[in-house]
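J.: mmCIF, C-alpha atoms, file query.cif:
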data_entry
loop_
_atom_site.label_atom_id
_atom_site.label_comp_id
_atom_site.auth_asym_id
_atom_site.auth_seq_id
_atom_site.Cartn_x
_atom_site.Cartn_y
_atom_site.Cartn_z
CA MET E 359 88.30 87.42 70.27
CA GLU E 360 91.95 87.67 71.37
CA LYS E 361 92.70 86.28 74.85
CA GLU E 362 94.03 89.60 76.14
CA THR E 363 90.98 91.57 74.90
CA LEU E 364 88.56 89.04 76.37
CA PHE E 365 90.44 89.10 79.70
CA ASN E 366 90.33 92.91 79.83
CA GLN E 367 86.63 92.91 79.04
CA ILE E 368 85.75 90.30 81.67
CA VAL E 369 87.86 91.98 84.37
CA ASN E 370 86.49 95.46 83.62
CA ASP E 371 82.87 94.26 83.47
CA ASN E 372 83.16 92.26 86.70
CA HIS E 373 85.47 94.47 88.73
CA GLU E 374 82.83 95.40 91.33
CA ARG E 375 81.52 91.85 91.63
CA LEU E 376 85.00 90.46 92.22
CA THR E 377 85.83 93.20 94.72
CA ARG E 378 82.66 92.30 96.66
CA ILE E 379 83.57 88.61 96.74
CA CYS E 380 87.07 89.42 98.01
CA ALA E 381 85.48 91.59 100.69
CA TYR E 382 83.28 88.71 101.89
CA TYR E 383 86.36 86.62 102.56
CA ASN E 384 88.76 89.16 103.99
CA SER E 385 88.54 92.11 106.33
CA ASN E 386 92.16 92.95 105.72
CA GLU E 387 92.83 95.22 102.72
CA THR E 388 96.12 93.49 101.77
CA ASP E 389 94.51 90.03 101.84
CA ARG E 390 91.64 91.32 99.70
CA LYS E 391 94.09 92.61 97.12
CA ASP E 392 96.01 89.30 97.17
CA LEU E 393 92.83 87.30 96.67
CA TYR E 394 91.70 89.66 93.88
CA GLN E 395 95.06 89.19 92.17
CA GLU E 396 94.83 85.40 92.57
CA ILE E 397 91.33 85.40 91.06
CA LEU E 398 92.57 87.38 88.05
CA ILE E 399 95.40 84.88 87.58
CA ASN E 400 92.89 82.03 87.57
CA VAL E 401 90.53 83.90 85.25
CA TRP E 402 93.45 84.17 82.84
CA LYS E 403 94.37 80.49 83.24
CA SER E 404 90.78 79.35 82.75
CA LEU E 405 89.95 81.65 79.82
CA GLU E 406 90.41 78.82 77.32
CA SER E 407 87.38 77.10 78.83
CA PHE E 408 85.15 80.18 78.62
CA ARG E 409 82.59 80.00 75.88
CA ASN E 410 80.50 83.04 75.10
CA ASP E 411 77.35 80.91 75.12
CA SER E 412 77.77 80.02 78.81
CA SER E 413 76.68 82.40 81.56
CA ILE E 414 79.48 84.78 82.47
CA ASN E 415 77.90 85.10 85.95
CA THR E 416 78.25 81.41 86.74
CA TRP E 417 81.69 81.24 85.14
CA ILE E 418 83.16 84.19 87.05
CA TYR E 419 81.66 83.06 90.38
CA ARG E 420 83.06 79.56 89.87
CA VAL E 421 86.55 80.94 89.32
CA ALA E 422 86.18 83.30 92.31
CA VAL E 423 84.80 80.69 94.74
CA ASN E 424 87.26 78.02 93.62
CA THR E 425 90.11 80.48 94.07
CA ALA E 426 88.88 81.53 97.52
CA LEU E 427 88.66 77.85 98.56
CA SER E 428 92.16 77.05 97.39
CA PHE E 429 93.61 80.43 98.39
CA ARG E 430 96.67 79.94 100.59
CA GLY E 431 95.80 76.33 101.39
CA LYS E 432 95.23 75.88 105.09
CA SER E 433 94.85 79.52 106.06
CA CYS E 434 91.65 79.91 104.05
CA LYS E 435 89.90 78.24 107.00
CA GLN E 436 90.59 81.43 108.92
CA MET E 437 88.95 83.62 106.29
CA ASN E 438 86.31 85.93 107.67
CA LEU E 439 83.02 86.67 106.03
CA VAL E 440 82.59 90.41 106.30
CA VAL E 441 79.05 91.77 106.23
CA ASP E 442 77.50 95.07 107.29
CA ALA E 443 74.22 96.89 106.85
CA THR E 444 75.21 97.88 103.31
CA THR E 445 75.89 94.31 102.19
CA GLN E 446 73.47 93.51 99.41
CA ASN E 447 70.85 90.80 100.03
CA ILE E 448 71.79 90.58 103.72
CA SER E 449 68.10 90.14 104.55
CA THR E 450 68.09 86.80 102.67
CA LEU E 451 70.12 85.38 105.54
CA ASP E 452 68.02 86.70 108.36
CA ASP E 453 64.30 87.01 107.55
CA ASP E 454 63.60 88.86 110.80
CA LEU E 455 66.19 91.50 110.15
CA GLU E 456 63.96 93.97 108.32
CA ALA E 457 61.39 93.83 111.10
CA GLU E 458 63.89 94.80 113.76
CA GLN E 459 64.14 98.29 115.11
CA GLN E 460 66.98 100.35 113.61
CA ARG E 461 68.90 100.48 116.89
CA LEU E 462 68.81 96.68 117.16
CA LYS E 463 69.76 96.24 113.55
CA GLU E 464 73.45 97.02 113.91
CA GLN E 465 73.69 94.95 117.10
CA ARG E 466 72.06 92.00 115.37
CA LEU E 467 74.32 92.41 112.34
CA GLU E 468 77.35 92.28 114.59
CA LYS E 469 76.07 89.03 116.10
CA LEU E 470 75.31 87.72 112.62
CA GLN E 471 78.83 88.61 111.53
CA ASN E 472 80.30 86.64 114.46
CA GLU E 473 78.10 83.63 113.78
CA LEU E 474 78.89 83.70 110.05
CA ASN E 475 82.55 83.41 110.87
CA THR E 476 81.99 80.23 112.86
CA LEU E 477 80.66 78.56 109.71
CA SER E 478 82.79 76.15 107.70
CA ILE E 479 84.55 77.41 104.58
CA ILE E 480 82.03 75.67 102.30
CA ASP E 481 79.11 77.21 104.20
CA LYS E 482 80.82 80.59 103.94
CA ALA E 483 81.14 80.10 100.18
CA LEU E 484 77.41 79.28 99.95
CA VAL E 485 76.54 82.35 102.04
CA SER E 486 78.72 84.60 99.87
CA LEU E 487 76.89 83.36 96.76
CA MET E 488 73.54 83.92 98.47
CA LEU E 489 74.58 87.44 99.38
CA GLU E 490 75.35 87.98 95.70
CA GLY E 491 71.69 87.26 95.03
CA LEU E 492 72.28 84.13 92.97
CA SER E 493 69.47 81.64 92.46
CA MET E 494 69.64 78.10 93.90
CA LYS E 495 70.13 76.80 90.33
CA GLU E 496 73.10 79.12 89.78
CA ILE E 497 74.65 78.15 93.14
CA SER E 498 74.24 74.45 92.33
CA ASP E 499 75.96 75.02 88.95
CA ILE E 500 78.85 76.75 90.68
CA ILE E 501 79.41 74.29 93.53
CA GLY E 502 78.61 71.15 91.55
CA ILE E 503 75.88 69.65 93.73
CA THR E 504 72.18 69.35 92.93
CA GLU E 505 69.70 72.19 93.45
CA PRO E 506 67.73 70.34 96.18
CA ASN E 507 71.00 69.74 98.04
CA VAL E 508 71.85 73.43 97.86
CA LYS E 509 68.38 74.22 99.23
CA VAL E 510 68.82 71.78 102.11
CA LYS E 511 72.25 73.13 102.93
CA ILE E 512 71.15 76.76 102.84
CA HIS E 513 68.05 75.96 104.90
CA ARG E 514 70.33 74.35 107.52
CA ILE E 515 72.63 77.38 107.58
CA LYS E 516 69.70 79.79 107.97
CA SER E 517 68.10 77.68 110.73
CA LEU E 518 71.41 77.43 112.54
CA LEU E 519 71.98 81.18 112.30
CA LYS E 520 68.44 81.94 113.43
CA THR E 521 68.71 79.62 116.43
CA LYS E 522 72.02 81.11 117.48
CA LEU E 523 70.87 84.71 117.00
CA ASN E 524 67.65 84.18 118.94
CA LYS E 525 69.42 82.32 121.74
CA LYS E 526 71.66 85.28 122.64
CA MET H 623 89.06 109.56 87.90
CA ASN H 624 91.08 109.53 84.71
CA ASP H 625 94.22 108.97 86.75
CA ASN H 626 92.54 106.05 88.48
CA ASN H 627 91.54 104.53 85.17
CA HIS H 628 95.02 105.06 83.82
CA ASN H 629 96.63 103.41 86.89
CA SER H 630 94.16 100.56 86.78
CA SER H 631 94.84 99.87 83.11
CA ASN H 632 98.60 100.05 83.75
CA ASN H 633 98.22 97.53 86.62
CA LEU H 634 96.18 95.26 84.40
CA SER H 635 98.74 95.44 81.66
CA ASN H 636 101.52 94.59 84.16
CA LEU H 637 99.45 91.72 85.47
CA ILE H 638 98.91 90.32 81.97
CA THR H 639 102.67 90.39 81.44
CA ASP H 640 103.14 88.51 84.75
CA LEU H 641 100.44 86.03 83.83
CA LYS H 642 102.04 85.30 80.50
CA LYS H 643 105.39 84.76 82.26
CA LYS H 644 103.77 82.43 84.80
CA ASP H 645 102.00 80.45 82.07
CA ASN H 646 105.29 80.06 80.24
CA ASN H 647 107.32 79.18 83.36
CA TYR H 648 105.24 76.15 84.30
CA SER H 649 104.93 74.74 80.83
CA ASN H 650 108.57 75.50 80.00
CA VAL H 651 109.95 73.32 82.82
CA CYS H 652 108.14 70.29 81.42
CA LYS H 653 108.86 71.33 77.86
CA ARG H 654 112.62 71.59 78.56
CA MET H 655 112.70 68.17 80.22
CA LYS H 656 110.80 66.75 77.27
CA TYR H 657 113.34 68.20 74.83
CA VAL H 658 116.26 66.89 76.93
CA TYR H 659 114.84 63.35 76.74
CA TRP H 660 114.14 63.70 73.03
CA ALA H 661 117.75 64.85 72.47
CA ILE H 662 119.09 61.87 74.45
CA SER H 663 116.77 59.57 72.48
CA LEU H 664 118.18 60.94 69.26
CA LEU H 665 121.68 60.32 70.58
CA TYR H 666 120.81 56.69 71.36
CA LEU H 667 119.31 56.31 67.89
CA VAL H 668 122.65 57.39 66.42
CA ILE H 669 124.50 55.01 68.78
CA ILE H 670 122.22 52.10 67.80
CA THR H 671 122.69 52.81 64.07
CA ARG H 672 126.48 52.97 64.52
CA GLU H 673 126.52 49.75 66.58
CA VAL H 674 124.48 47.91 63.94
CA PHE H 675 126.79 49.05 61.14
CA ASP H 676 129.91 48.22 63.21
CA LYS H 677 128.44 44.77 63.94
CA GLU H 678 128.81 45.27 67.72
CA PRO H 679 127.64 42.43 70.10
CA ILE H 680 123.87 41.99 70.07
CA THR H 681 123.68 42.61 73.85
CA ASP H 682 125.15 46.11 73.37
CA ILE H 683 122.59 46.87 70.67
CA ILE H 684 119.68 45.59 72.80
CA SER H 685 121.01 47.58 75.76
CA ALA H 686 121.02 50.79 73.67
CA VAL H 687 117.49 49.99 72.44
CA CYS H 688 116.39 49.63 76.09
CA PHE H 689 117.90 53.03 76.95
CA LEU H 690 116.19 54.52 73.90
CA GLY H 691 112.86 53.06 75.04
CA GLY H 692 113.39 54.45 78.55
CA MET H 693 114.22 57.95 77.28
CA LEU H 694 111.23 57.99 74.91
CA SER H 695 108.99 56.87 77.75
CA PHE H 696 110.22 59.75 79.98
CA ALA H 697 109.80 62.27 77.12
CA TRP H 698 106.21 61.07 76.66
CA LEU H 699 105.59 61.38 80.43
CA PHE H 700 106.80 64.98 80.55
CA ASN H 701 104.62 65.78 77.58
CA LYS H 702 101.68 64.29 79.50
CA TYR H 703 102.48 66.34 82.65
CA GLN H 704 102.84 69.51 80.58
CA ASN H 705 99.37 69.02 79.09
CA GLU H 706 97.93 68.12 82.48
CA TYR H 707 99.27 71.30 84.08
CA LYS H 708 98.01 73.43 81.21
CA SER H 709 94.52 72.01 81.71
CA VAL H 710 94.11 73.23 85.35
CA ASP H 711 90.75 74.93 85.11
CA TYR H 712 89.24 77.04 87.90
CA SER H 713 85.97 77.54 86.06
CA LEU H 714 84.80 73.97 86.70
CA PRO H 715 82.08 73.31 89.30
CA THR H 716 83.79 73.44 92.73
CA LEU H 717 83.28 69.76 93.61
CA PHE H 718 84.65 68.61 90.24
CA MET H 719 87.63 70.98 90.44
CA LEU H 720 88.46 69.77 93.96
CA LYS H 721 88.33 66.12 92.87
CA LYS H 722 90.70 66.82 89.99
CA ALA H 723 93.03 68.69 92.37
CA LEU H 724 92.90 65.79 94.85
CA ASN H 725 94.04 63.45 92.10
CA ARG H 726 96.92 65.76 91.22
CA TYR H 727 98.07 65.98 94.86
CA GLN H 728 98.10 62.21 95.50
CA PRO H 729 101.64 60.80 95.88
CA PHE H 730 100.93 57.63 93.94
CA THR H 731 98.23 57.49 91.31
CA LEU H 732 97.57 55.43 88.21
CA ARG H 733 99.71 57.81 86.18
CA THR H 734 102.72 56.94 88.40
CA VAL H 735 102.54 53.43 86.91
CA TRP H 736 103.69 54.92 83.58
CA VAL H 737 107.12 55.65 85.14
CA ILE H 738 107.72 51.91 85.71
CA PRO H 739 108.28 50.84 82.03
CA GLY H 740 110.87 53.61 81.59
CA VAL H 741 112.71 52.69 84.79
CA LEU H 742 112.62 48.95 83.94
CA LEU H 743 113.98 49.60 80.45
CA VAL H 744 116.89 51.68 81.85
CA GLY H 745 117.54 48.95 84.45
CA ALA H 746 117.56 46.27 81.73
CA GLY H 747 119.85 48.42 79.57
CA LEU H 748 122.32 48.79 82.45
CA SER H 749 122.35 45.02 83.09
CA LEU H 750 123.00 44.19 79.46
CA LYS H 751 125.92 46.62 79.45
CA SER H 752 127.54 44.86 82.41
CA SER H 753 130.43 42.57 81.49
CA SER H 754 130.06 39.82 84.12
CA PHE H 755 127.39 38.22 86.34
CA GLY H 756 128.88 39.94 89.42
CA ASP H 757 128.77 43.25 87.63
CA VAL H 758 125.05 42.79 86.91
CA TRP H 759 124.31 42.42 90.61
CA ILE H 760 126.38 45.45 91.62
CA THR H 761 124.84 47.57 88.81
CA GLN H 762 121.31 46.48 89.73
CA LEU H 763 121.94 47.04 93.43
CA CYS H 764 123.24 50.56 92.78
CA PHE H 765 120.46 51.32 90.30
CA TRP H 766 117.58 50.17 92.51
CA GLY H 767 119.23 51.75 95.56
CA LEU H 768 119.27 55.05 93.67
CA MET H 769 115.64 54.59 92.65
CA LEU H 770 114.71 53.87 96.28
CA VAL H 771 116.51 57.00 97.51
CA SER H 772 114.90 59.09 94.72
CA THR H 773 111.44 57.74 95.63
CA PHE H 774 112.06 58.55 99.30
CA VAL H 775 113.23 62.11 98.49
CA GLY H 776 110.16 62.55 96.27
CA TRP H 777 107.93 61.27 99.08
CA VAL H 778 109.50 63.70 101.62
CA VAL H 779 108.96 66.62 99.20
CA TRP H 780 105.36 65.49 98.72
CA TYR H 781 104.81 65.11 102.48
CA TYR H 782 105.86 68.67 103.29
CA LYS H 783 104.70 70.46 100.13
CA TYR H 784 101.66 68.65 98.80
CA LYS H 785 100.23 66.54 101.65
CA PRO H 786 98.74 69.58 103.46
CA LEU H 787 97.08 70.60 100.18
CA ARG H 788 95.85 67.03 99.61
CA ASP H 789 94.40 66.82 103.15
CA HIS H 790 92.76 70.22 102.86
CA THR H 791 91.22 69.35 99.49
CA GLN H 792 90.00 66.01 100.87
CA ALA H 793 88.35 67.78 103.82
CA LEU H 794 86.53 70.23 101.51
CA ILE H 795 85.28 67.39 99.29
CA SER H 796 84.03 65.45 102.32
CA GLU H 797 82.21 68.52 103.56
CA ILE H 798 80.51 69.26 100.23
CA GLU H 799 79.57 65.62 99.78
CA SER H 800 78.31 65.24 103.32
CA THR H 801 75.92 68.14 102.75
CA ALA H 802 74.78 66.48 99.56
CA THR H 803 73.49 63.37 101.28
#
Go ahead and express the file in the form of structure tokens.
T.:
Amino acid sequence: MEKETLFNQIVNDNHERLTRICAYYNSNETDRKDLYQEILINVWKSLESFRNDSSINTWIYRVAVNTALSFRGKSCKQMNLVVDATTQNISTLDDDLEAEQQRLKEQRLEKLQNELNTLSIIDKALVSLMLEGLSMKEISDIIGITEPNVKVKIHRIKSLLKTKLNKK
Amino acid sequence: MNDNNHNSSNNLSNLITDLKKKDNNYSNVCKRMKYVYWAISLLYLVIITREVFDKEPITDIISAVCFLGGMLSFAWLFNKYQNEYKSVDYSLPTLFMLKKALNRYQPFTLRTVWVIPGVLLVGAGLSLKSSSFGDVWITQLCFWGLMLVSTFVGWVVWYYKYKPLRDHTQALISEIESTAT
């Protein structure tokens, strides 16, 4: 398939997924657009390495996460993870969330949002992949560490978040 | 809805044009430098052939051969850099991509060693061209002084442009690896 056709197909098929990832990292509309643009540039650059036999999910998330990590060098440390009640798989981060009363839900989400933004950029990347509903195996393929290490890391993040949320 | 789709496909088409330009820009800089060195090499080949036929002093011929070697070495280096830049791949696992980036952002790596033969050959060529012993010293002093200044300028550019990227990449690698232990 021609490079241009393949690029169009990948971008069209993954438009929503990429928009969601950009939203995790930026609350500002302009920054989201810039990151989206940067991801598309890197999708184009990396197309040579895409083989139809490999999972497009893993491939596109790798490009997106790697771009987010290298986006604007130093300032990516200031990126904010943006979550709200509509964020898919949000309950995977906070097991107690579904049991909470509706009126406490928003309040707790706000706290969760604040705590998420105190995480390191790597932890934020892991959380964004979790929110996308990816399996531990897929996350380990994207980040390049073993599955047990991903589990340990995510367990630590969840415990940390739980402790902080319950403390307040 | 149709308008949205139309705008979106126009944007995509503009982006593809930009991407193609960007791809070409980066590789063209290295490509042009490579061609410049090949052209100079060709020129030295002609000079060497003429000097051999004109039975010029052997030192002049060896000097031209040294220059030719230096130019070919630089042409080969630019070819290497061009290929290296083209192979930047964001679809690699994050840790692996970061390690490759860290290597690219280091000021002195193993690949820097490949500059040395070219520089030495040009230095030798300049010495052989000098007419007296005193001349050799002045030529060498100027040549290595220039190399030192160039290295310092290169280091300053690296310090302000690439060191922050190198440090940031190093910090991300340490963080990923620390979680993996």
J.: Each residue of chain E with at least one atom at most 10 Å from chain H should appear once, together with its nearest atom pair and the corresponding distance in Å (one decimal); atoms considered: only C-alpha atoms; ordering: chain, then increasing residue number; output as JSON lines.
T.:
{"residue": "E:Glu362", "atom": "CA", "partner": "H:Ile638", "partner_atom": "CA", "distance": 7.6}
{"residue": "E:Phe365", "atom": "CA", "partner": "H:Ile638", "partner_atom": "CA", "distance": 8.9}
{"residue": "E:Asn366", "atom": "CA", "partner": "H:Leu634", "partner_atom": "CA", "distance": 7.8}
{"residue": "E:Val369", "atom": "CA", "partner": "H:Leu634", "partner_atom": "CA", "distance": 8.9}
{"residue": "E:Asn370", "atom": "CA", "partner": "H:Ser631", "partner_atom": "CA", "distance": 9.5}
{"residue": "E:Gln395", "atom": "CA", "partner": "H:Leu637", "partner_atom": "CA", "distance": 8.4}
{"residue": "E:Ile397", "atom": "CA", "partner": "H:Tyr712", "partner_atom": "CA", "distance": 9.2}
{"residue": "E:Leu398", "atom": "CA", "partner": "H:Leu637", "partner_atom": "CA", "distance": 8.5}
{"residue": "E:Ile399", "atom": "CA", "partner": "H:Leu641", "partner_atom": "CA", "distance": 6.4}
{"residue": "E:Asn400", "atom": "CA", "partner": "H:Tyr712", "partner_atom": "CA", "distance": 6.2}
{"residue": "E:Val401", "atom": "CA", "partner": "H:Tyr712", "partner_atom": "CA", "distance": 7.5}
{"residue": "E:Trp402", "atom": "CA", "partner": "H:Leu641", "partner_atom": "CA", "distance": 7.3}
{"residue": "E:Lys403", "atom": "CA", "partner": "H:Asp711", "partner_atom": "CA", "distance": 6.9}
{"residue": "E:Ser404", "atom": "CA", "partner": "H:Asp711", "partner_atom": "CA", "distance": 5.0}
{"residue": "E:Leu405", "atom": "CA", "partner": "H:Ser713", "partner_atom": "CA", "distance": 8.5}
{"residue": "E:Glu406", "atom": "CA", "partner": "H:Asp711", "partner_atom": "CA", "distance": 8.7}
{"residue": "E:Ser407", "atom": "CA", "partner": "H:Ser713", "partner_atom": "CA", "distance": 7.4}
{"residue": "E:Phe408", "atom": "CA", "partner": "H:Ser713", "partner_atom": "CA", "distance": 7.9}
{"residue": "E:Thr416", "atom": "CA", "partner": "H:Ser713", "partner_atom": "CA", "distance": 8.7}
{"residue": "E:Trp417", "atom": "CA", "partner": "H:Ser713", "partner_atom": "CA", "distance": 5.7}
{"residue": "E:Ile418", "atom": "CA", "partner": "H:Ser713", "partner_atom": "CA", "distance": 7.3}
{"residue": "E:Tyr419", "atom": "CA", "partner": "H:Ser713", "partner_atom": "CA", "distance": 8.2}
{"residue": "E:Arg420", "atom": "CA", "partner": "H:Ser713", "partner_atom": "CA", "distance": 5.2}
{"residue": "E:Val421", "atom": "CA", "partner": "H:Ser713", "partner_atom": "CA", "distance": 4.7}
{"residue": "E:Ala422", "atom": "CA", "partner": "H:Tyr712", "partner_atom": "CA", "distance": 8.2}
{"residue": "E:Val423", "atom": "CA", "partner": "H:Thr716", "partner_atom": "CA", "distance": 7.6}
{"residue": "E:Asn424", "atom": "CA", "partner": "H:Thr716", "partner_atom": "CA", "distance": 5.8}
{"residue": "E:Thr425", "atom": "CA", "partner": "H:Tyr712", "partner_atom": "CA", "distance": 7.1}
{"residue": "E:Leu427", "atom": "CA", "partner": "H:Leu794", "partner_atom": "CA", "distance": 8.4}
{"residue": "E:Ser428", "atom": "CA", "partner": "H:Thr791", "partner_atom": "CA", "distance": 8.0}
{"residue": "E:Arg430", "atom": "CA", "partner": "H:Leu787", "partner_atom": "CA", "distance": 9.4}
{"residue": "E:Gly431", "atom": "CA", "partner": "H:Leu787", "partner_atom": "CA", "distance": 6.0}
{"residue": "E:Lys432", "atom": "CA", "partner": "H:His790", "partner_atom": "CA", "distance": 6.6}
{"residue": "E:Cys434", "atom": "CA", "partner": "H:His790", "partner_atom": "CA", "distance": 9.8}
{"residue": "E:Lys435", "atom": "CA", "partner": "H:His790", "partner_atom": "CA", "distance": 9.5}
{"residue": "E:Ser478", "atom": "CA", "partner": "H:Glu797", "partner_atom": "CA", "distance": 8.7}
{"residue": "E:Ile479", "atom": "CA", "partner": "H:Leu794", "partner_atom": "CA", "distance": 8.1}
{"residue": "E:Ile480", "atom": "CA", "partner": "H:Ile798", "partner_atom": "CA", "distance": 6.9}
{"residue": "E:Asp481", "atom": "CA", "partner": "H:Ile798", "partner_atom": "CA", "distance": 9.0}
{"residue": "E:Ile497", "atom": "CA", "partner": "H:Pro715", "partner_atom": "CA", "distance": 9.7}
{"residue": "E:Ser498", "atom": "CA", "partner": "H:Pro715", "partner_atom": "CA", "distance": 8.5}
{"residue": "E:Asp499", "atom": "CA", "partner": "H:Pro715", "partner_atom": "CA", "distance": 6.4}
{"residue": "E:Ile500", "atom": "CA", "partner": "H:Pro715", "partner_atom": "CA", "distance": 4.9}
{"residue": "E:Ile501", "atom": "CA", "partner": "H:Thr716", "partner_atom": "CA", "distance": 4.5}
{"residue": "E:Gly502", "atom": "CA", "partner": "H:Pro715", "partner_atom": "CA", "distance": 4.7}
{"residue": "E:Ile503", "atom": "CA", "partner": "H:Ala802", "partner_atom": "CA", "distance": 6.7}
{"residue": "E:Thr504", "atom": "CA", "partner": "H:Ala802", "partner_atom": "CA", "distance": 7.7}
{"residue": "E:Glu505", "atom": "CA", "partner": "H:Ala802", "partner_atom": "CA", "distance": 9.8}
{"residue": "E:Pro506", "atom": "CA", "partner": "H:Ala802", "partner_atom": "CA", "distance": 8.7}
{"residue": "E:Asn507", "atom": "CA", "partner": "H:Ala802", "partner_atom": "CA", "distance": 5.2}
{"residue": "E:Val508", "atom": "CA", "partner": "H:Ala802", "partner_atom": "CA", "distance": 7.7}
{"residue": "E:Val510", "atom": "CA", "partner": "H:Thr801", "partner_atom": "CA", "distance": 8.0}
{"residue": "E:Lys511", "atom": "CA", "partner": "H:Thr801", "partner_atom": "CA", "distance": 6.2}
{"residue": "E:Ile512", "atom": "CA", "partner": "H:Thr801", "partner_atom": "CA", "distance": 9.9}
{"residue": "E:Arg514", "atom": "CA", "partner": "H:Thr801", "partner_atom": "CA", "distance": 9.6}
J.: When the PyMOL selection byres ((chain H and resi 687) around 9) is applied to the file above, which residues end up in the set, as a ChimeraX atom specification?
T.: /H:666-667,670,682-686,688-692,743,747
J.: Give me, please, the distance in Å between CA of Ser517 (chain E) and CA of Cys380 (chain E), quoted to one decimal.
T.: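 Between these atoms lies a distance of 25.7 Å.
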J.: Step by step, work through what the PyMOL selection byres ((chain E and resi 377) around 12) selects in the shown file, and finish by giving those residues as a list in words.
T.: Val369, Asn370, Asp371, Asn372, His373, Glu374, Arg375, Leu376, Arg378, Ile379, Cys380, Ala381, Tyr382, Tyr383, Asn384, Ser385, Glu387, Asp389, Arg390, Lys391, Asp392, Leu393, Tyr394, Gln395, Ile397, Leu398, Tyr419, Ala422 and Glu490 of chain E
J.: Which residues match the PyMOL selection byres ((chain H and resi 659) around 8) in the file above, as a PDB file with C-alpha atoms, keeping the file's coordinate frame?
T.:
ATOM      1  CA  MET H 655     112.700  68.170  80.220  1.00  0.00           C
ATOM      2  CA  LYS H 656     110.800  66.750  77.270  1.00  0.00           C
ATOM      3  CA  TYR H 657     113.340  68.200  74.830  1.00  0.00           C
ATOM      4  CA  VAL H 658     116.260  66.890  76.930  1.00  0.00           C
ATOM      5  CA  TRP H 660     114.140  63.700  73.030  1.00  0.00           C
ATOM      6  CA  ALA H 661     117.750  64.850  72.470  1.00  0.00           C
ATOM      7  CA  ILE H 662     119.090  61.870  74.450  1.00  0.00           C
ATOM      8  CA  SER H 663     116.770  59.570  72.480  1.00  0.00           C
ATOM      9  CA  MET H 693     114.220  57.950  77.280  1.00  0.00           C
ATOM     10  CA  LEU H 694     111.230  57.990  74.910  1.00  0.00           C
ATOM     11  CA  PHE H 696     110.220  59.750  79.980  1.00  0.00           C
ATOM     12  CA  ALA H 697     109.800  62.270  77.120  1.00  0.00           C
TER      13      ALA H 697
END
J.: Leaving out Lys525 (chain E) and any residue of its chain fewer than 6 positions from it, which residues lie within 12 Å of it when counting only C-alpha atoms, given as a list in words?
T.: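 Those residues are Arg466, Lys469, Glu473, Leu518 and Leu519 of chain E.
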J.: Mind pulling up the distance from CA of Pro739 (chain H) to CA of Val668 (chain H)?
T.: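 Straight-line distance from CA of Val668 (chain H) to CA of Pro739 (chain H) works out to 22.2 Å.
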J.: Could you jot down the CA of Leu470 (chain E) to CA of Leu484 (chain E) separation for me, Å, one decimal place?
T.: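 It comes out at 15.4 Å.
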J.: Missing atoms in region 464-475 of chain E need filling: write out N, CA and C atoms for it as a tab-separated table (two decimals), in the coordinates of the input.
T.:
chain	number	residue	atom	x	y	z
E	464	GLU	N	71.98	97.09	113.92
E	464	GLU	CA	73.45	97.02	113.91
E	464	GLU	C	73.96	95.95	114.87
E	465	GLN	N	73.29	95.92	116.07
E	465	GLN	CA	73.69	94.95	117.10
E	465	GLN	C	73.51	93.51	116.56
E	466	ARG	N	72.37	93.33	115.91
E	466	ARG	CA	72.06	92.00	115.37
E	466	ARG	C	73.02	91.63	114.24
E	467	LEU	N	73.37	92.65	113.43
E	467	LEU	CA	74.32	92.41	112.34
E	467	LEU	C	75.69	91.99	112.88
E	468	GLU	N	76.06	92.61	113.99
E	468	GLU	CA	77.35	92.28	114.59
E	468	GLU	C	77.35	90.81	115.04
E	469	LYS	N	76.22	90.43	115.67
E	469	LYS	CA	76.07	89.03	116.10
E	469	LYS	C	76.11	88.10	114.90
E	470	LEU	N	75.38	88.53	113.85
E	470	LEU	CA	75.31	87.72	112.62
E	470	LEU	C	76.71	87.54	112.04
E	471	GLN	N	77.45	88.64	112.03
E	471	GLN	CA	78.83	88.61	111.53
E	471	GLN	C	79.66	87.57	112.29
E	472	ASN	N	79.54	87.59	113.64
E	472	ASN	CA	80.30	86.64	114.46
E	472	ASN	C	79.89	85.21	114.16
E	473	GLU	N	78.58	84.99	114.05
E	473	GLU	CA	78.10	83.63	113.78
E	473	GLU	C	78.52	83.15	112.40
E	474	LEU	N	78.49	84.07	111.42
E	474	LEU	CA	78.89	83.70	110.05
E	474	LEU	C	80.32	83.19	110.03
E	475	ASN	N	81.14	83.80	110.88
E	475	ASN	CA	82.55	83.41	110.87
E	475	ASN	C	82.83	82.11	111.62
